Amino acid sequence: MAILFFFYFAGVIVLTSILVVTLRNPIYSVLSLLIMFFHVAGLYVTLEAEFLAAVQIIVYAGAILVLYLFVVMLLNVKREERYHSQFPLAALLGITILTEVLMLAFLRGFSSEAPAVAPAVGDSAQPGEAIAGTGNTETIGEALYSTYLFPFEVASLILLVAMIGAIVLAKKKVGEGEA
Amino acid sequence: MSGTELLLDYLTRYFPILLFIIIALAFGVVTLLVSYFVQPKYPEAEKLSPYECGSEPFSDARMPFPVRYYIFAMLFVIFDIEVIFLYPWAVVFDKIGLIGLVEMLVFIALFLVAYVYAWRKGALEWD
Amino acid sequence: MAEVGLKLAFSLAQIAVVMGIVLLTVMVLTLAERKVLGWMQDRMGPMEVGPYGILQPIADGLKLFFKEDIIPAGANKFLFSLAPILSLVPALIGFAVVPFGPSRTVELFGYQFQPFVISDINIGILYILAFTSIGAYGVILGGWASNSKYSLLGGLRSAAQVISYELNVGLAIVGVLLLAGSLSLVKITEAQAGGFWHWYVFAFPFPQIFAFVVYVISAVAETNRVPFDLPEAESELVAGFFTEYSGMRFAFFFLAEYANMILVSCIAAALFLGGWNAPYPGTLLPENLAWIEGVVWFAAKVYFFLFLFFWLRATLPRLRYDQLMRFGWKVMLPIALGNILVTSIAAYLFPKG
């Protein structure tokens with residue numbers, strides 16, 4: 001049953017990601033990206049990462065993709081032809097990455113074991129136990145605000161930098177537009 | 001309960017939600033379809049022209065719009081991510097104690113720096 | 001296998017009942033809004049269809065269903081049809097995690113069921129936030145697809161407004177989460193049992209009254225209601241993003257707006273006003289009938305908020321767009337942030353039991 005769900009979500013993700021880059025109308029690309037985000041969230045749910053699923057939709061579908069949509073409408077591009085001329089470069093990069101992934105997969109072998117990364121909170125290694133009574137959000141919270149304290153603060157600093165960068169770039173554009 | 005039973009219990013909680021999404025989508029599509037078949041259709045050029053206070057539409061409606069919308073969308077993305085960090089913290093607040101509180105005070109202080117910067121630079125101004 | 005079938009049947013029944021109640025409430029609201037506005041302006045409201053006009057919503061619904069559905073020339077047909085669905089579906093499925101009554105279980109054919117909530121997931125409130133943020137797509141795509149200047153402007157304005165106030169909603173609820181220690185609406189409601197002084201709007205150690213005010217104002221703005229109905233400001237933008245819509249597609253936007261009103265009212269009741277908890281400890285009715293009391297209290301709180309929506313509409317003039325954005329970013333956001341700071345310090349100094 002879980003396998004069935006996995007193949008459904010994974011299939012739709014692959015299909016919609018291909019559509020994102022092949023569709024000529026940018027608005028349709030944004031829509032297929034939206035469908036893809038939902039299926040990624042679905043995949044997270046089947047992996048017991050419900051908090052991540054919600055964040056996936058709130059941040060990616062609800063915020064970043066709205067920004068994309070604004071940009072697409074701002075530039076008023078009806079059909080994007082420019083980037084379709086970069087096919088050879090894209091093909092080269094794609095093939096390189098695919099080879100890498102395949103090599104990694106074959107060298108490591110397709111083992112069904114869990115990845116070697118140790119779970120942050122020791123007692124949640126058993127499947128299902130992390131969500132017993134408390135839930136995935138609590139586990140993330142405890143790990144993030146105790147074990148990964150420093151990376152968390154660094155993340156907040158990065159967000160600050162992103163914010164300043166965004167304003168500097170955008171404000172310059174406004175000045176040029178009004179001039 | 002064992003691990004597998006818990007997993008099953010967890011997945012059965014999400015199943016009704018999946019069901020609800022499918023039913024809501026189906027409700028939307030079916031209602032529009034049925035309505036499409038029962039309604040009259042008498043198209044004519046005047047009726048189909050987009051509304052522009054009675055005058056002839058004189059330019060492409062999909063005109064470029066101010067960059068300001070884009071700035072606000074960008075601010076929203078960044079602040080939204082910061083807010084997301086607050087949820088797991090709020091939920092486990094009882095368990096992480098003083099360290100958690102101080103940590104989040106530092107985080108909110110940085111948030112405030114970003115906010116004040118945006119304010120001072122006039123990015124929050126809709127003029 | 002029998003268990004799976006039984007659970008499926010039970011879930012289907014719950015979904016059907018919830019959707020039925022929501023759509024019925026929308027019908028009641030369309031009439032109630034016109035009646036309440038009428039009374040406040042010393043008119044009678046609709047009186048023609050049925051006694052006191054109570055059949056008006058049915059007449060309106062039938063009319064919209066059989067109306068010609070015009071797609072303007074130059075519109076993108078696919079997106080034009082998709083947009084109403086995209087705005088209606090998120091408004092409906094949010095109800096999946098709302099607890100409508102006491103969290104008791106009933107036994108049916110030897111299995112346990114929760115009758116008053118479709119699904120009690122751990123991330124309840126995040127689930128609702130996630131799907132309300134999708135509602136912006138319907139508006140913005142509807143505005144863009146229509147190929148009309150008014151629609152495009154209305155759609156863009158509305159999208160910018162929705163995302164701005166969504167941020168404030170997200171910040172306002174953090175205070176409640178701090179006190180409740182859970183994201184599940186069922187658990188948050190349960191934590192407020194035992195009298196109105198336990199409701200989070202009044203609760204010790206720090207009453208969430210500021211968060212409550214920020215939430216209600218932002219909720220009004222997010223549902224694009226007066227005084228924040230800029231996207232459909234009749235006097236300047238005709239009808240905003242649904243200028244070109246007619247017939248059933250128009251009805252969908254209308255349904256979505258009212259369903260969203262009900263949804264934000266349900267969340268406000270559950271987070272701040274104790275949900276289905278009565279304002280006094282214990283119950284008046286005997287144990288096996290106590291659920292009636294819970295459901296009635298919940299409905300009463302939701303209808304209080306819905307009445308507030310109408311009241312605001314009859315009272316306040318519309319804001320200007322720059323005022324609206326400034327209010328959201330420069331007034332609501334600092335208040336919500338300050339509330340989080342004070343609440344967290346208070347919650348640290350006075351930990352729960």
# chains A, B, ... in the order shown; residues from 1 in each chain; ligands from 1
>>> interface_residues(of="chain B", to="chain A", cutoff="9 Å", atoms="only C-alpha atoms", output="ChimeraX atom specification")
/B:2-8,10-11,14,62-71,73-82,84-85,87-93,95-96,99-100,103-104,106-108,110-111,113-115,117-118,121-123
>>> residues_around(residues="C:Asn288", least_positions_apart="3", cutoff="12 Å", atoms="only C-alpha atoms", output="ChimeraX atom specification")
/C:102,104-106,283-285,291-294
>>> residues_around(residues="C:Met325", least_positions_apart="6", cutoff="12 Å", atoms="only C-alpha atoms", output="mmCIF file with N, CA and C atoms, in the first residue's frame")
data_model
loop_
_atom_site.group_PDB
_atom_site.id
_atom_site.type_symbol
_atom_site.label_atom_id
_atom_site.label_comp_id
_atom_site.auth_asym_id
_atom_site.auth_seq_id
_atom_site.Cartn_x
_atom_site.Cartn_y
_atom_site.Cartn_z
ATOM 1 N N ARG B 68 6.390 47.135 -7.186
ATOM 2 C CA ARG B 68 6.103 47.155 -5.756
ATOM 3 C C ARG B 68 5.468 45.841 -5.271
ATOM 4 N N TYR B 69 4.577 45.291 -6.115
ATOM 5 C CA TYR B 69 3.951 44.016 -5.761
ATOM 6 C C TYR B 69 5.011 42.948 -5.537
ATOM 7 N N PHE B 72 6.832 43.355 -2.204
ATOM 8 C CA PHE B 72 6.059 42.846 -1.071
ATOM 9 C C PHE B 72 6.023 41.326 -1.069
ATOM 10 N N ALA B 123 10.836 50.094 2.277
ATOM 11 C CA ALA B 123 10.299 48.963 1.529
ATOM 12 C C ALA B 123 8.872 48.628 1.964
ATOM 13 N N LEU B 124 8.489 49.091 3.156
ATOM 14 C CA LEU B 124 7.134 48.802 3.622
ATOM 15 C C LEU B 124 6.162 49.901 3.198
ATOM 16 N N GLU B 125 6.671 50.841 2.443
ATOM 17 C CA GLU B 125 5.849 51.981 2.031
ATOM 18 C C GLU B 125 5.131 51.666 0.725
ATOM 19 N N TRP B 126 3.844 51.913 0.679
ATOM 20 C CA TRP B 126 3.110 51.693 -0.568
ATOM 21 C C TRP B 126 2.758 53.068 -1.120
ATOM 22 N N ASP B 127 3.652 53.606 -1.935
ATOM 23 C CA ASP B 127 3.385 54.984 -2.367
ATOM 24 C C ASP B 127 3.165 55.083 -3.865
ATOM 25 N N ARG C 157 -3.962 43.156 -6.557
ATOM 26 C CA ARG C 157 -4.170 43.809 -5.269
ATOM 27 C C ARG C 157 -4.564 42.783 -4.225
ATOM 28 N N SER C 158 -5.505 41.938 -4.620
ATOM 29 C CA SER C 158 -6.006 40.950 -3.685
ATOM 30 C C SER C 158 -4.903 40.003 -3.250
ATOM 31 N N ALA C 159 -4.064 39.572 -4.204
ATOM 32 C CA ALA C 159 -2.998 38.637 -3.849
ATOM 33 C C ALA C 159 -2.021 39.288 -2.887
ATOM 34 N N ALA C 160 -1.627 40.547 -3.161
ATOM 35 C CA ALA C 160 -0.688 41.232 -2.275
ATOM 36 C C ALA C 160 -1.302 41.405 -0.890
ATOM 37 N N GLN C 161 -2.593 41.710 -0.860
ATOM 38 C CA GLN C 161 -3.266 41.887 0.427
ATOM 39 C C GLN C 161 -3.330 40.574 1.199
ATOM 40 N N VAL C 162 -3.696 39.503 0.496
ATOM 41 C CA VAL C 162 -3.836 38.212 1.172
ATOM 42 C C VAL C 162 -2.510 37.763 1.760
ATOM 43 N N ILE C 163 -1.402 37.893 0.990
ATOM 44 C CA ILE C 163 -0.140 37.410 1.544
ATOM 45 C C ILE C 163 0.319 38.293 2.692
ATOM 46 N N SER C 164 0.063 39.610 2.624
ATOM 47 C CA SER C 164 0.487 40.483 3.718
ATOM 48 C C SER C 164 -0.212 40.109 5.013
ATOM 49 N N TYR C 165 -1.513 39.884 4.928
ATOM 50 C CA TYR C 165 -2.246 39.627 6.154
ATOM 51 C C TYR C 165 -2.118 38.185 6.615
ATOM 52 N N ASN C 168 0.433 38.078 9.243
ATOM 53 C CA ASN C 168 -0.036 38.466 10.569
ATOM 54 C C ASN C 168 -0.839 37.355 11.224
ATOM 55 N N SER C 218 -6.931 40.538 10.755
ATOM 56 C CA SER C 218 -6.267 39.933 9.606
ATOM 57 C C SER C 218 -7.182 38.958 8.891
ATOM 58 N N ALA C 221 -9.320 40.842 6.641
ATOM 59 C CA ALA C 221 -8.571 41.273 5.468
ATOM 60 C C ALA C 221 -8.303 40.098 4.538
ATOM 61 N N PHE C 228 -11.817 45.888 4.249
ATOM 62 C CA PHE C 228 -10.627 45.572 3.456
ATOM 63 C C PHE C 228 -11.005 44.988 2.094
ATOM 64 N N LEU C 230 -10.779 45.878 -0.820
ATOM 65 C CA LEU C 230 -10.140 46.607 -1.909
ATOM 66 C C LEU C 230 -10.192 45.883 -3.253
ATOM 67 N N LEU C 319 -10.923 51.147 3.384
ATOM 68 C CA LEU C 319 -9.610 51.775 3.483
ATOM 69 C C LEU C 319 -9.057 52.053 2.093
ATOM 70 N N VAL C 331 1.553 48.202 11.634
ATOM 71 C CA VAL C 331 0.806 48.213 12.891
ATOM 72 C C VAL C 331 0.558 46.794 13.384
ATOM 73 N N MET C 332 -0.064 45.965 12.528
ATOM 74 C CA MET C 332 -0.414 44.614 12.948
ATOM 75 C C MET C 332 0.817 43.768 13.241
ATOM 76 N N LEU C 333 1.819 43.856 12.370
ATOM 77 C CA LEU C 333 2.991 42.979 12.513
ATOM 78 C C LEU C 333 3.763 43.247 13.807
#
>>> residues_around(residues="C:Thr132", least_positions_apart="3", cutoff="7 Å", atoms="only C-alpha atoms", output="PyMOL selection string")
chain C and resi 90-91+128-129+135
>>> interface_residues(of="chain C", to="chain A", cutoff="9 Å", atoms="only C-alpha atoms", output="JSON, numbers by chain")
{"C": [79, 121, 122, 123, 126, 127, 129, 130, 131, 132, 133, 134, 135, 136, 137, 140, 141, 144, 156, 159, 163, 182, 183]}
>>> select_by_dssp(residues="stretch 255-332 of chain C", states="helix (DSSP H, G or I)", output="count of residues only")
59
>>> closest_atom_pairs(of="chain C", to="chain B", cutoff="8 Å", atoms="only C-alpha atoms", output="JSON lines")
{"residue": "C:Leu8", "atom": "CA", "partner": "B:Pro16", "partner_atom": "CA", "distance": 7.8}
{"residue": "C:Ser11", "atom": "CA", "partner": "B:Pro16", "partner_atom": "CA", "distance": 5.9}
{"residue": "C:Leu12", "atom": "CA", "partner": "B:Leu19", "partner_atom": "CA", "distance": 7.8}
{"residue": "C:Ile15", "atom": "CA", "partner": "B:Phe20", "partner_atom": "CA", "distance": 6.4}
{"residue": "C:Phe65", "atom": "CA", "partner": "B:Ser35", "partner_atom": "CA", "distance": 5.7}
{"residue": "C:Phe66", "atom": "CA", "partner": "B:Gln39", "partner_atom": "CA", "distance": 4.9}
{"residue": "C:Lys67", "atom": "CA", "partner": "B:Gln39", "partner_atom": "CA", "distance": 5.7}
{"residue": "C:Glu68", "atom": "CA", "partner": "B:Pro40", "partner_atom": "CA", "distance": 5.3}
{"residue": "C:Asp69", "atom": "CA", "partner": "B:Gln39", "partner_atom": "CA", "distance": 7.4}
{"residue": "C:Ile70", "atom": "CA", "partner": "B:Leu48", "partner_atom": "CA", "distance": 6.8}
{"residue": "C:Ile71", "atom": "CA", "partner": "B:Leu48", "partner_atom": "CA", "distance": 6.7}
{"residue": "C:Pro72", "atom": "CA", "partner": "B:Leu48", "partner_atom": "CA", "distance": 4.4}
{"residue": "C:Ala73", "atom": "CA", "partner": "B:Leu48", "partner_atom": "CA", "distance": 5.3}
{"residue": "C:Ile85", "atom": "CA", "partner": "B:Gly28", "partner_atom": "CA", "distance": 5.6}
{"residue": "C:Leu88", "atom": "CA", "partner": "B:Gly28", "partner_atom": "CA", "distance": 7.6}
{"residue": "C:Val89", "atom": "CA", "partner": "B:Ala24", "partner_atom": "CA", "distance": 5.7}
{"residue": "C:Leu92", "atom": "CA", "partner": "B:Ala24", "partner_atom": "CA", "distance": 6.8}
{"residue": "C:Ile93", "atom": "CA", "partner": "B:Ile21", "partner_atom": "CA", "distance": 6.1}
{"residue": "C:Ala96", "atom": "CA", "partner": "B:Ile17", "partner_atom": "CA", "distance": 6.4}
{"residue": "C:Ile118", "atom": "CA", "partner": "B:Pro16", "partner_atom": "CA", "distance": 6.8}
{"residue": "C:Ser119", "atom": "CA", "partner": "B:Arg13", "partner_atom": "CA", "distance": 5.6}
{"residue": "C:Asp120", "atom": "CA", "partner": "B:Arg13", "partner_atom": "CA", "distance": 6.8}
{"residue": "C:Ile121", "atom": "CA", "partner": "B:Arg13", "partner_atom": "CA", "distance": 6.3}
{"residue": "C:Trp144", "atom": "CA", "partner": "B:Arg62", "partner_atom": "CA", "distance": 7.0}
{"residue": "C:Ser146", "atom": "CA", "partner": "B:Pro50", "partner_atom": "CA", "distance": 7.8}
{"residue": "C:Asn147", "atom": "CA", "partner": "B:Ala61", "partner_atom": "CA", "distance": 5.3}
{"residue": "C:Ser148", "atom": "CA", "partner": "B:Ala61", "partner_atom": "CA", "distance": 5.1}
{"residue": "C:Lys149", "atom": "CA", "partner": "B:Ala61", "partner_atom": "CA", "distance": 4.8}
{"residue": "C:Tyr150", "atom": "CA", "partner": "B:Glu52", "partner_atom": "CA", "distance": 8.0}
{"residue": "C:Leu152", "atom": "CA", "partner": "B:Arg62", "partner_atom": "CA", "distance": 7.1}
{"residue": "C:Leu156", "atom": "CA", "partner": "B:Tyr69", "partner_atom": "CA", "distance": 7.7}
{"residue": "C:Ala160", "atom": "CA", "partner": "B:Tyr69", "partner_atom": "CA", "distance": 6.4}
{"residue": "C:Ile163", "atom": "CA", "partner": "B:Phe76", "partner_atom": "CA", "distance": 6.8}
{"residue": "C:Ser164", "atom": "CA", "partner": "B:Phe76", "partner_atom": "CA", "distance": 6.7}
{"residue": "C:Leu167", "atom": "CA", "partner": "B:Asp80", "partner_atom": "CA", "distance": 6.3}
{"residue": "C:Gly170", "atom": "CA", "partner": "B:Val83", "partner_atom": "CA", "distance": 6.8}
{"residue": "C:Leu171", "atom": "CA", "partner": "B:Val83", "partner_atom": "CA", "distance": 6.5}
{"residue": "C:Val174", "atom": "CA", "partner": "B:Ala90", "partner_atom": "CA", "distance": 6.5}
{"residue": "C:Gly175", "atom": "CA", "partner": "B:Ala90", "partner_atom": "CA", "distance": 7.8}
{"residue": "C:Leu177", "atom": "CA", "partner": "B:Ala90", "partner_atom": "CA", "distance": 5.7}
{"residue": "C:Leu178", "atom": "CA", "partner": "B:Ala90", "partner_atom": "CA", "distance": 4.4}
{"residue": "C:Ala180", "atom": "CA", "partner": "B:Val91", "partner_atom": "CA", "distance": 7.5}
{"residue": "C:Gly181", "atom": "CA", "partner": "B:Val91", "partner_atom": "CA", "distance": 4.2}
{"residue": "C:Ser182", "atom": "CA", "partner": "B:Val91", "partner_atom": "CA", "distance": 5.3}
{"residue": "C:Leu183", "atom": "CA", "partner": "B:Val91", "partner_atom": "CA", "distance": 7.1}
{"residue": "C:Thr243", "atom": "CA", "partner": "B:Tyr51", "partner_atom": "CA", "distance": 7.6}
{"residue": "C:Glu244", "atom": "CA", "partner": "B:Pro50", "partner_atom": "CA", "distance": 6.9}
{"residue": "C:Met248", "atom": "CA", "partner": "B:Leu32", "partner_atom": "CA", "distance": 6.5}
{"residue": "C:Arg249", "atom": "CA", "partner": "B:Leu32", "partner_atom": "CA", "distance": 7.2}
{"residue": "C:Asp322", "atom": "CA", "partner": "B:Trp126", "partner_atom": "CA", "distance": 5.1}
{"residue": "C:Met325", "atom": "CA", "partner": "B:Trp126", "partner_atom": "CA", "distance": 6.7}
{"residue": "C:Arg326", "atom": "CA", "partner": "B:Glu125", "partner_atom": "CA", "distance": 6.6}
{"residue": "C:Trp329", "atom": "CA", "partner": "B:Leu124", "partner_atom": "CA", "distance": 6.6}
{"residue": "C:Lys330", "atom": "CA", "partner": "B:Leu124", "partner_atom": "CA", "distance": 7.6}
{"residue": "C:Leu341", "atom": "CA", "partner": "B:Leu105", "partner_atom": "CA", "distance": 7.6}
{"residue": "C:Ser344", "atom": "CA", "partner": "B:Leu101", "partner_atom": "CA", "distance": 7.2}
{"residue": "C:Ile345", "atom": "CA", "partner": "B:Leu101", "partner_atom": "CA", "distance": 7.5}
{"residue": "C:Tyr348", "atom": "CA", "partner": "B:Gly97", "partner_atom": "CA", "distance": 7.1}
{"residue": "C:Pro351", "atom": "CA", "partner": "B:Asp94", "partner_atom": "CA", "distance": 7.2}
{"residue": "C:Lys352", "atom": "CA", "partner": "B:Asp94", "partner_atom": "CA", "distance": 7.9}
>>> atom_distance(atom1="atom CA of C:Pro207", atom2="atom CA of C:Thr343")
8.3 Å
>>> residues_around(residues="stretch 43-51 of chain C", least_positions_apart="6", cutoff="10 Å", atoms="only C-alpha atoms", output="mmCIF file with C-alpha atoms, in the first residue's frame")
data_model
loop_
_atom_site.group_PDB
_atom_site.id
_atom_site.type_symbol
_atom_site.label_atom_id
_atom_site.label_comp_id
_atom_site.auth_asym_id
_atom_site.auth_seq_id
_atom_site.Cartn_x
_atom_site.Cartn_y
_atom_site.Cartn_z
ATOM 1 C CA LEU C 31 -29.721 35.829 3.214
ATOM 2 C CA ALA C 32 -28.612 36.729 6.747
ATOM 3 C CA GLU C 33 -26.139 39.277 5.441
ATOM 4 C CA ARG C 34 -28.763 41.092 3.385
ATOM 5 C CA LYS C 35 -31.272 40.915 6.226
ATOM 6 C CA VAL C 36 -28.819 42.158 8.873
ATOM 7 C CA LEU C 37 -27.578 44.955 6.617
ATOM 8 C CA PRO C 57 -30.839 31.907 -1.440
ATOM 9 C CA ILE C 58 -32.476 29.004 -3.292
ATOM 10 C CA ALA C 59 -33.738 31.344 -5.994
#
